[in-house]
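Structure file model.csv (CSV, C-alpha atoms) is printed below.
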```csv
chain,number,residue,atom,x,y,z
A,179,VAL,CA,0.0,0.0,0.0
A,180,GLN,CA,2.8,2.4,0.9
A,181,ALA,CA,4.2,2.4,-2.7
A,182,ILE,CA,0.8,3.1,-4.1
A,183,ILE,CA,0.1,6.0,-1.7
A,184,ASP,CA,3.5,7.5,-2.7
A,185,PHE,CA,2.4,7.3,-6.4
A,186,ILE,CA,-1.0,8.9,-5.6
A,187,ARG,CA,0.9,11.8,-3.8
A,188,GLU,CA,3.3,12.1,-6.8
A,189,ILE,CA,0.5,12.4,-9.4
A,190,ASP,CA,-1.1,15.1,-7.2
A,191,ARG,CA,1.3,17.4,-9.0
A,192,LEU,CA,-0.8,17.0,-12.2
A,193,LYS,CA,-3.2,19.5,-10.6
A,194,GLY,CA,-0.5,22.1,-11.0
A,195,VAL,CA,0.1,21.5,-14.8
A,196,GLU,CA,-1.6,24.4,-16.7
A,197,ARG,CA,-3.2,23.9,-20.0
A,198,LYS,CA,-4.1,26.6,-22.6
A,199,THR,CA,-7.9,26.4,-22.2
A,200,LYS,CA,-9.9,28.1,-19.5
A,201,PRO,CA,-12.8,26.3,-17.7
A,202,LEU,CA,-16.1,27.9,-18.8
A,203,GLY,CA,-16.8,31.1,-16.8
A,204,LEU,CA,-13.5,31.0,-14.9
A,205,GLN,CA,-10.5,33.4,-15.4
A,206,ARG,CA,-7.8,30.8,-14.8
A,207,PHE,CA,-6.4,28.1,-17.1
A,208,GLU,CA,-7.5,24.6,-16.5
A,209,ASN,CA,-5.1,22.0,-15.3
A,210,SER,CA,-4.3,18.5,-16.7
A,211,ALA,CA,-5.9,16.7,-13.7
A,212,GLU,CA,-9.4,18.2,-14.1
A,213,HIS,CA,-9.0,17.9,-17.9
A,214,SER,CA,-8.4,14.1,-17.5
A,215,TRP,CA,-11.5,13.8,-15.3
A,216,GLN,CA,-13.6,15.5,-17.9
A,217,LEU,CA,-12.3,13.3,-20.6
A,218,ALA,CA,-13.1,10.2,-18.6
A,219,VAL,CA,-16.7,11.3,-18.1
A,220,MET,CA,-17.0,12.2,-21.7
A,221,ALA,CA,-15.8,8.7,-22.7
A,222,LEU,CA,-18.4,7.2,-20.4
A,223,SER,CA,-21.1,9.3,-22.0
A,224,LEU,CA,-20.1,8.9,-25.7
A,225,SER,CA,-18.9,5.3,-25.8
A,226,ARG,CA,-21.9,4.2,-27.8
A,227,PHE,CA,-20.7,6.5,-30.5
A,228,SER,CA,-17.3,5.0,-30.8
A,229,ALA,CA,-16.3,4.1,-34.4
A,230,LYS,CA,-15.6,0.5,-33.1
A,231,ALA,CA,-16.9,-1.3,-30.0
A,232,VAL,CA,-14.5,-0.5,-27.2
A,233,ASP,CA,-13.7,-1.8,-23.7
A,234,VAL,CA,-14.8,1.3,-21.8
A,235,LEU,CA,-12.7,0.5,-18.7
A,236,ARG,CA,-9.5,0.3,-20.8
A,237,THR,CA,-10.4,3.6,-22.6
A,238,ILE,CA,-11.0,5.3,-19.3
A,239,LYS,CA,-7.8,4.0,-17.8
A,240,MET,CA,-5.9,5.5,-20.7
A,241,LEU,CA,-7.6,8.8,-20.4
A,242,LEU,CA,-7.0,9.0,-16.6
A,243,LEU,CA,-3.3,8.3,-17.1
A,244,HIS,CA,-2.5,9.8,-20.5
A,245,ASP,CA,-1.2,13.2,-19.2
A,246,ILE,CA,0.8,12.1,-16.1
A,247,GLY,CA,4.1,12.6,-17.9
A,248,GLU,CA,3.4,16.3,-18.0
A,249,ILE,CA,4.2,16.4,-14.3
A,250,ASP,CA,7.9,16.6,-15.5
A,251,THR,CA,7.4,18.2,-18.9
A,252,GLY,CA,4.4,20.5,-18.7
A,253,ASP,CA,1.6,20.8,-21.2
A,254,THR,CA,2.1,21.9,-24.8
A,255,ILE,CA,-0.6,23.1,-27.1
A,256,VAL,CA,-1.5,20.5,-29.8
A,257,TYR,CA,-0.6,23.0,-32.6
A,258,ALA,CA,3.0,23.2,-31.5
A,259,THR,CA,4.5,20.4,-33.7
A,260,GLU,CA,8.1,21.6,-33.5
A,261,GLY,CA,10.3,19.4,-31.2
A,262,LEU,CA,7.4,17.0,-30.9
A,263,GLU,CA,9.5,13.9,-30.9
A,264,GLN,CA,11.8,15.2,-28.2
A,265,ARG,CA,8.9,16.2,-26.0
A,266,LYS,CA,7.3,12.8,-26.4
A,267,LYS,CA,10.5,11.2,-25.4
A,268,ALA,CA,10.7,13.3,-22.3
A,269,GLU,CA,7.1,12.6,-21.4
A,270,GLN,CA,7.7,8.9,-21.8
A,271,ASP,CA,10.7,9.1,-19.4
A,272,ALA,CA,8.5,10.9,-16.9
A,273,VAL,CA,5.8,8.2,-17.2
A,274,LYS,CA,8.4,5.6,-16.6
A,275,ARG,CA,9.8,7.5,-13.6
A,276,ILE,CA,6.4,8.0,-12.0
A,277,CYS,CA,5.0,4.6,-12.7
A,278,GLY,CA,8.3,3.1,-11.5
A,279,MET,CA,7.1,4.0,-8.0
A,280,LEU,CA,4.5,1.3,-8.2
A,281,PRO,CA,4.6,-2.5,-7.7
A,282,GLU,CA,5.9,-4.1,-10.8
A,283,GLU,CA,2.6,-5.5,-12.1
A,284,LEU,CA,0.8,-2.1,-11.9
A,285,GLU,CA,3.8,-0.3,-13.3
A,286,ALA,CA,3.8,-2.6,-16.4
A,287,GLU,CA,0.0,-2.1,-16.8
A,288,PHE,CA,0.1,1.7,-16.5
A,289,VAL,CA,3.2,2.2,-18.7
A,290,GLY,CA,1.5,-0.1,-21.3
A,291,LEU,CA,-1.7,1.9,-21.2
A,292,TRP,CA,0.3,5.1,-21.8
A,293,LEU,CA,2.2,3.6,-24.7
A,294,GLU,CA,-1.1,2.2,-26.2
A,295,PHE,CA,-2.6,5.6,-26.0
A,296,GLU,CA,0.4,7.2,-27.7
A,297,ALA,CA,0.4,4.6,-30.5
A,298,ALA,CA,-3.2,5.4,-31.3
A,299,GLU,CA,-3.7,2.0,-33.0
A,300,THR,CA,-6.3,0.1,-30.9
A,301,ALA,CA,-10.0,0.9,-31.0
A,302,GLU,CA,-9.8,2.1,-27.4
A,303,ALA,CA,-6.8,4.4,-28.0
A,304,LYS,CA,-8.5,5.9,-31.1
A,305,PHE,CA,-11.6,6.6,-29.2
A,306,ALA,CA,-9.6,8.0,-26.3
A,307,HIS,CA,-7.8,10.3,-28.8
A,308,ALA,CA,-11.1,11.5,-30.2
A,309,MET,CA,-12.1,12.6,-26.7
A,310,ASP,CA,-8.8,14.3,-26.0
A,311,ARG,CA,-8.7,16.1,-29.4
A,312,SER,CA,-12.3,17.3,-29.2
A,313,ILE,CA,-12.6,18.6,-25.7
A,314,PRO,CA,-10.7,21.9,-26.4
A,315,ILE,CA,-12.9,22.4,-29.4
A,316,ILE,CA,-16.0,21.8,-27.3
A,317,LEU,CA,-14.9,24.3,-24.6
A,318,ASN,CA,-13.7,26.9,-27.2
A,319,LEU,CA,-17.0,26.7,-29.0
A,320,ALA,CA,-18.7,27.7,-25.7
A,321,ASN,CA,-16.1,30.3,-24.8
A,322,ASN,CA,-15.9,32.5,-27.9
A,323,GLY,CA,-12.9,30.6,-29.1
A,324,GLN,CA,-10.8,31.7,-26.0
A,325,SER,CA,-7.6,29.6,-26.6
A,326,TRP,CA,-7.8,29.9,-30.4
A,327,ARG,CA,-7.8,33.7,-30.2
A,328,GLU,CA,-5.2,33.9,-27.5
A,329,ASN,CA,-2.8,31.6,-29.5
A,330,GLY,CA,-3.7,32.9,-33.0
A,331,ILE,CA,-5.1,29.5,-34.2
A,332,ARG,CA,-7.0,29.5,-37.5
A,333,CYS,CA,-10.1,27.3,-38.2
A,334,GLU,CA,-8.2,25.4,-40.8
A,335,GLN,CA,-5.6,24.5,-38.2
A,336,VAL,CA,-8.2,23.2,-35.8
A,337,VAL,CA,-9.8,21.1,-38.6
A,338,LYS,CA,-6.5,19.8,-40.0
A,339,ARG,CA,-4.9,19.0,-36.7
A,340,ASN,CA,-7.9,17.3,-35.0
A,341,GLY,CA,-10.4,16.3,-37.6
A,342,PRO,CA,-8.8,13.0,-38.7
A,343,ALA,CA,-8.3,11.8,-35.1
A,344,VAL,CA,-11.8,12.8,-33.9
A,345,GLU,CA,-13.4,11.4,-37.0
A,346,ALA,CA,-11.5,8.1,-36.8
A,347,GLY,CA,-12.5,7.5,-33.1
A,348,CYS,CA,-15.9,9.0,-33.0
A,349,PRO,CA,-17.4,10.0,-36.4
A,350,ALA,CA,-20.7,11.3,-35.0
A,351,LEU,CA,-18.9,13.7,-32.7
A,352,TRP,CA,-16.8,15.0,-35.6
A,353,ALA,CA,-19.9,15.5,-37.8
A,354,TYR,CA,-21.4,17.6,-35.0
A,355,LEU,CA,-18.2,19.6,-34.3
A,356,LYS,CA,-17.5,20.3,-38.0
A,357,GLU,CA,-20.8,22.1,-38.4
A,358,GLU,CA,-20.2,24.1,-35.2
A,359,LEU,CA,-16.7,25.0,-36.4
A,360,ASP,CA,-18.1,26.2,-39.7
A,361,ALA,CA,-20.6,28.4,-37.9
A,362,ALA,CA,-17.8,29.7,-35.5
A,363,GLN,CA,-15.7,30.6,-38.5
A,364,ARG,CA,-18.5,32.6,-40.0
A,365,ASP,CA,-18.8,34.4,-36.7
A,366,GLY,CA,-15.1,35.3,-36.7
A,367,TRP,CA,-13.9,33.4,-33.6
A,368,PHE,CA,-10.5,32.4,-34.8
A,369,GLY,CA,-7.0,33.8,-34.3
A,370,ALA,CA,-6.4,35.2,-37.7
A,371,ASP,CA,-9.9,36.8,-38.0
A,372,ARG,CA,-9.4,39.1,-35.0
A,373,THR,CA,-13.1,40.1,-35.1
A,374,LEU,CA,-13.5,39.3,-31.4
A,375,ALA,CA,-9.9,39.7,-30.4
A,376,GLY,CA,-8.7,41.2,-27.1
B,116,VAL,CA,-24.5,13.9,-29.5
B,117,GLN,CA,-25.7,17.5,-28.9
B,118,ALA,CA,-27.4,16.6,-25.6
B,119,ILE,CA,-24.2,14.9,-24.3
B,120,ILE,CA,-22.0,17.8,-25.3
B,121,ASP,CA,-24.4,20.1,-23.4
B,122,PHE,CA,-24.0,17.8,-20.4
B,123,ILE,CA,-20.2,17.8,-20.7
B,124,ARG,CA,-20.2,21.6,-20.8
B,125,GLU,CA,-22.5,21.8,-17.8
B,126,ILE,CA,-20.3,19.6,-15.7
B,127,ASP,CA,-17.3,21.8,-16.6
B,128,ARG,CA,-18.5,23.9,-13.6
B,129,LEU,CA,-17.3,21.2,-11.2
B,130,LYS,CA,-13.8,22.7,-11.9
B,131,GLY,CA,-15.0,25.7,-10.0
B,132,VAL,CA,-16.2,23.9,-6.9
B,133,GLU,CA,-13.6,24.5,-4.1
B,134,ARG,CA,-12.8,21.9,-1.5
B,135,LYS,CA,-11.0,22.4,1.8
B,136,THR,CA,-7.7,20.6,0.9
B,137,LYS,CA,-4.9,22.1,-1.0
B,138,PRO,CA,-2.9,20.2,-3.7
B,139,LEU,CA,0.6,19.4,-2.4
B,140,GLY,CA,2.9,22.3,-2.9
B,141,LEU,CA,0.1,24.7,-4.2
B,142,GLN,CA,-1.4,27.7,-2.3
B,143,ARG,CA,-4.9,27.3,-3.7
B,144,PHE,CA,-7.6,24.9,-2.7
B,145,GLU,CA,-8.3,21.8,-4.9
B,146,ASN,CA,-11.5,21.6,-6.8
B,147,SER,CA,-14.0,18.7,-7.0
B,148,ALA,CA,-13.1,17.8,-10.6
B,149,GLU,CA,-9.4,17.2,-10.1
B,150,HIS,CA,-10.3,15.4,-6.8
B,151,SER,CA,-12.6,13.1,-8.7
B,152,TRP,CA,-9.8,12.3,-11.2
B,153,GLN,CA,-7.4,11.5,-8.3
B,154,LEU,CA,-10.0,9.2,-6.8
B,155,ALA,CA,-10.4,7.3,-10.0
B,156,VAL,CA,-6.7,6.7,-10.4
B,157,MET,CA,-6.5,5.6,-6.8
B,158,ALA,CA,-9.3,3.1,-7.3
B,159,LEU,CA,-7.5,1.7,-10.3
B,160,SER,CA,-4.3,1.4,-8.3
B,161,LEU,CA,-5.8,-0.1,-5.1
B,162,SER,CA,-8.6,-2.3,-6.4
B,163,ARG,CA,-6.7,-5.4,-5.5
B,164,PHE,CA,-6.9,-4.3,-1.9
B,165,SER,CA,-10.7,-3.9,-1.9
B,166,ALA,CA,-12.5,-5.8,1.0
B,167,LYS,CA,-14.6,-7.6,-1.6
B,168,ALA,CA,-13.9,-8.2,-5.3
B,169,VAL,CA,-15.3,-5.2,-7.2
B,170,ASP,CA,-16.3,-4.3,-10.8
B,171,VAL,CA,-13.6,-1.7,-11.3
B,172,LEU,CA,-15.4,0.1,-14.1
B,173,ARG,CA,-18.5,0.5,-11.9
B,174,THR,CA,-16.4,1.8,-9.0
B,175,ILE,CA,-14.7,4.4,-11.3
B,176,LYS,CA,-18.0,5.5,-12.8
B,177,MET,CA,-19.3,6.2,-9.3
B,178,LEU,CA,-16.1,8.2,-8.4
B,179,LEU,CA,-16.2,10.2,-11.6
B,180,LEU,CA,-19.8,11.2,-11.0
B,181,HIS,CA,-20.2,11.3,-7.2
B,182,ASP,CA,-19.6,15.0,-6.7
B,183,ILE,CA,-21.4,16.5,-9.7
B,184,GLY,CA,-24.3,17.6,-7.5
B,185,GLU,CA,-21.9,20.1,-5.9
B,186,ILE,CA,-22.2,22.1,-9.0
B,187,ASP,CA,-25.4,23.5,-7.5
B,188,THR,CA,-24.6,23.1,-3.8
B,189,GLY,CA,-20.8,23.5,-3.3
B,190,ASP,CA,-18.6,21.2,-1.3
B,191,THR,CA,-19.0,20.8,2.5
B,192,ILE,CA,-16.2,19.3,4.7
B,193,VAL,CA,-17.0,15.8,5.9
B,194,TYR,CA,-16.9,16.9,9.5
B,195,ALA,CA,-19.9,19.2,9.2
B,196,THR,CA,-22.8,16.8,10.1
B,197,GLU,CA,-25.4,19.5,10.8
B,198,GLY,CA,-28.0,19.9,8.1
B,199,LEU,CA,-26.6,16.9,6.3
B,200,GLU,CA,-29.9,15.4,5.3
B,201,GLN,CA,-31.0,18.7,3.7
B,202,ARG,CA,-27.7,19.1,1.9
B,203,LYS,CA,-27.9,15.6,0.5
B,204,LYS,CA,-31.4,16.3,-0.8
B,205,ALA,CA,-30.2,19.4,-2.5
B,206,GLU,CA,-27.3,17.5,-4.0
B,207,GLN,CA,-29.7,14.8,-5.3
B,208,ASP,CA,-31.9,17.4,-6.9
B,209,ALA,CA,-28.8,18.9,-8.6
B,210,VAL,CA,-27.7,15.4,-9.9
B,211,LYS,CA,-31.2,14.9,-11.3
B,212,ARG,CA,-31.2,18.3,-13.0
B,213,ILE,CA,-27.8,17.9,-14.5
B,214,CYS,CA,-28.2,14.2,-15.6
B,215,GLY,CA,-31.7,15.2,-16.9
B,216,MET,CA,-29.8,16.9,-19.8
B,217,LEU,CA,-28.8,13.4,-21.1
B,218,PRO,CA,-30.6,10.9,-23.2
B,219,GLU,CA,-32.9,8.8,-21.0
B,220,GLU,CA,-30.8,5.7,-20.8
B,221,LEU,CA,-27.7,7.5,-19.8
B,222,GLU,CA,-29.6,9.7,-17.3
B,223,ALA,CA,-31.0,6.6,-15.6
B,224,GLU,CA,-27.5,5.0,-15.4
B,225,PHE,CA,-25.8,8.1,-14.0
B,226,VAL,CA,-28.5,8.9,-11.5
B,227,GLY,CA,-28.5,5.2,-10.4
B,228,LEU,CA,-24.7,5.3,-9.9
B,229,TRP,CA,-24.9,8.4,-7.8
B,230,LEU,CA,-27.7,6.8,-5.6
B,231,GLU,CA,-25.7,3.6,-5.4
B,232,PHE,CA,-22.6,5.5,-4.1
B,233,GLU,CA,-24.7,7.4,-1.6
B,234,ALA,CA,-26.4,4.3,-0.3
B,235,ALA,CA,-22.9,2.8,0.3
B,236,GLU,CA,-24.2,-0.8,0.3
B,237,THR,CA,-22.7,-2.6,-2.7
B,238,ALA,CA,-19.1,-3.7,-2.6
B,239,GLU,CA,-18.3,-1.1,-5.3
B,240,ALA,CA,-19.9,1.7,-3.4
B,241,LYS,CA,-18.1,0.7,-0.2
B,242,PHE,CA,-14.7,0.6,-2.0
B,243,ALA,CA,-15.5,4.0,-3.6
B,244,HIS,CA,-16.3,5.5,-0.2
B,245,ALA,CA,-13.0,4.2,1.1
B,246,MET,CA,-11.2,6.1,-1.6
B,247,ASP,CA,-13.2,9.3,-1.1
B,248,ARG,CA,-12.8,9.2,2.7
B,249,SER,CA,-9.1,8.5,2.7
B,250,ILE,CA,-7.7,10.9,0.1
B,251,PRO,CA,-8.0,14.0,2.3
B,252,ILE,CA,-6.1,12.0,5.0
B,253,ILE,CA,-3.4,11.0,2.4
B,254,LEU,CA,-3.0,14.6,1.3
B,255,ASN,CA,-3.1,16.0,4.9
B,256,LEU,CA,-0.4,13.6,6.0
B,257,ALA,CA,1.8,14.9,3.3
B,258,ASN,CA,0.9,18.5,4.0
B,259,ASN,CA,1.5,19.0,7.7
B,260,GLY,CA,-2.2,18.5,8.3
B,261,GLN,CA,-3.2,21.6,6.4
B,262,SER,CA,-7.0,21.2,6.3
B,263,TRP,CA,-7.1,19.7,9.8
B,264,ARG,CA,-5.3,22.7,11.3
B,265,GLU,CA,-7.2,25.2,9.2
B,266,ASN,CA,-10.5,23.8,10.3
B,267,GLY,CA,-9.6,22.8,13.9
B,268,ILE,CA,-10.1,19.0,13.3
B,269,ARG,CA,-8.9,16.6,16.0
B,270,CYS,CA,-7.3,13.2,15.3
B,271,GLU,CA,-10.2,11.5,17.0
B,272,GLN,CA,-12.6,13.1,14.6
B,273,VAL,CA,-10.6,12.0,11.6
B,274,VAL,CA,-10.6,8.4,12.9
B,275,LYS,CA,-14.2,8.3,14.0
B,276,ARG,CA,-15.6,10.0,10.9
B,277,ASN,CA,-13.6,8.1,8.3
B,278,GLY,CA,-12.2,5.0,9.9
B,279,PRO,CA,-15.3,2.7,9.6
B,280,ALA,CA,-15.8,3.6,5.9
B,281,VAL,CA,-12.2,3.2,4.9
B,282,GLU,CA,-11.8,0.0,6.9
B,283,ALA,CA,-15.0,-1.5,5.4
B,284,GLY,CA,-14.0,-0.8,1.8
B,285,CYS,CA,-10.2,-1.2,1.9
B,286,PRO,CA,-8.9,-2.7,5.2
B,287,ALA,CA,-5.2,-2.6,4.2
B,288,LEU,CA,-5.5,1.1,3.4
B,289,TRP,CA,-7.0,1.8,6.8
B,290,ALA,CA,-4.3,-0.2,8.6
B,291,TYR,CA,-1.7,1.9,6.9
B,292,LEU,CA,-3.4,5.2,7.5
B,293,LYS,CA,-4.2,4.5,11.2
B,294,GLU,CA,-0.5,4.1,11.9
B,295,GLU,CA,0.4,7.2,10.0
B,296,LEU,CA,-2.4,9.1,11.9
B,297,ASP,CA,-1.0,7.9,15.2
B,298,ALA,CA,2.4,9.3,14.3
B,299,ALA,CA,0.9,12.6,13.1
B,300,GLN,CA,-0.9,13.0,16.4
B,301,ARG,CA,2.3,12.4,18.3
B,302,ASP,CA,3.8,15.1,16.1
B,303,GLY,CA,1.0,17.6,16.9
B,304,TRP,CA,-0.5,18.1,13.4
B,305,PHE,CA,-4.1,18.4,14.5
B,306,GLY,CA,-6.5,21.3,15.0
B,307,ALA,CA,-6.7,21.1,18.8
B,308,ASP,CA,-3.0,20.6,19.3
B,309,ARG,CA,-2.0,23.8,17.7
B,310,THR,CA,1.7,22.9,17.8
B,311,LEU,CA,2.1,23.7,14.1
B,312,ALA,CA,-0.8,26.1,13.9
B,313,GLY,CA,-0.7,29.3,11.8
```
Mind turning the file's structure into structure tokens?
Amino acid sequence: VQAIIDFIREIDRLKGVERKTKPLGLQRFENSAEHSWQLAVMALSLSRFSAKAVDVLRTIKMLLLHDIGEIDTGDTIVYATEGLEQRKKAEQDAVKRICGMLPEELEAEFVGLWLEFEAAETAEAKFAHAMDRSIPIILNLANNGQSWRENGIRCEQVVKRNGPAVEAGCPALWAYLKEELDAAQRDGWFGADRTLAG
Amino acid sequence: VQAIIDFIREIDRLKGVERKTKPLGLQRFENSAEHSWQLAVMALSLSRFSAKAVDVLRTIKMLLLHDIGEIDTGDTIVYATEGLEQRKKAEQDAVKRICGMLPEELEAEFVGLWLEFEAAETAEAKFAHAMDRSIPIILNLANNGQSWRENGIRCEQVVKRNGPAVEAGCPALWAYLKEELDAAQRDGWFGADRTLAG
């Protein structure tokens, strides 16, 4: 039990990892711990819309654990593709360090789930990615495009960077979001449009 | 999909519900969303120590959803027993309002999970309660008793209010925590002791 409690205290630090999106109605940035919670509830709620049948528990485990490497590396916006390989390597080292605190069997399971998520090949990993890639869109659409405007992100970037992953894991969700994104672009919510900037 | 997205946006507000415990090393209070994430990871990690065999997915679903009623009512420290019945009624109304946004089948499932957690009768609900009651102890023990000292909580209160639930759901965890609590009391970390107060 002691080793597991040490691990639970170590991952407490994910509450201090800041993302680029703000919770609706709040002035602060969200952190990766509350983000992971929201993704897990989302997966529970949308699992019937997964492209392929998924083991829901396995999906949720991946989503609960997918960001813990950020405890050492911090969060990076999905549009920053430069240095991606290096960052992913550092994140993997962090995951191994943190899960290394656990009894061997659990360590192997948790590291395996993180690697499975990153590889994005299984049905569960694809569905999990669809959740992770769509939640900033869902929040931005309810937030006047807050993180898009603050980071100068264009609608085409949102579609190009997230569309394939969301559609592959959860096609009905992408069909819905694509329509909403088209409407948001018409309303000038994106970085380059500047209509609502400031 | 639209109804589920509306629900996901509504529960975003749980990120703004403040608890009494501070994340380790941070100066702010934790919120109920990141708390729910930590409980879910904890349940994943400790399920082999449950008093009875549990359906891990069911346990995690309960933990992910158990606090969403606080979106309307706010969080109350576990030691405030006055007005408990009324508060629980208000929380239940909130859960029904929020889950009422969902398609009927999901609504029934989520409300059912919340009620099952509250009733604390099934093996899953008991194990989930053991997680929920022990995490403030785990954080306080690593935090010089922060929320105990700030709220004048005595060691006997911690043991009396949480011991039976933690022991019933996860005996090995309680055995570990009880020893740590005894050591913390010797070190004067509790409200009434005031050794470290301020």
Spatial neighbours of Ala287 (chain B), max dist 9 Å, only C-alpha atoms, sep filter under 2 positions, as a PyMOL selection string:
(chain A and resi 179) or (chain B and resi 164-166+282+285+289-292)
With only C-alpha atoms considered, list every residue of chain B at most 9 Å from chain A, as a PyMOL selection string.
chain B and resi 116-117+119-120+123-131+138-141+145-153+155-157+159-161+164+171-173+175-176+179-180+217+221+253-254+257+287-288+291
Using all atoms listed in the file, find the one residue out of B:Ala243, B:Glu236, B:Glu197, B:Lys293 that sits nearest to Lys275 (chain B).
B:Lys293
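Put simply, CA of Leu293 (chain A) is 11.4 Å away from CA of Asp271 (chain A).
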Neighbours of Glu185 (chain B) within 7 Å (only C-alpha atoms; same-chain residues fewer than 5 positions away dropped), as a PDB file with C-alpha atoms, in the coordinates of the input?
```
ATOM      1  CA  VAL B 132     -16.200  23.900  -6.900  1.00  0.00           C
ATOM      2  CA  ASP B 190     -18.600  21.200  -1.300  1.00  0.00           C
ATOM      3  CA  GLU B 206     -27.300  17.500  -4.000  1.00  0.00           C
TER       4      GLU B 206
END
```
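Reported to one decimal place, the separation of CA of Met240 (chain A) from CA of Arg163 (chain B) is 18.7 Å.
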Spatial neighbours of Leu359 (chain A), max dist 9 Å, all atoms listed in the file, sep filter under 6 positions, as a ChimeraX atom specification:
/A:315,319,333,336-337
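The space separating CA of Gly278 (chain A) from CA of Glu294 (chain A) comes to 17.5 Å.
With distances taken over all atoms listed in the file, A:Arg197 is the one residue among A:Asp360, A:Arg327, A:Arg197, A:Ala298 lying closest to Thr254 (chain A).
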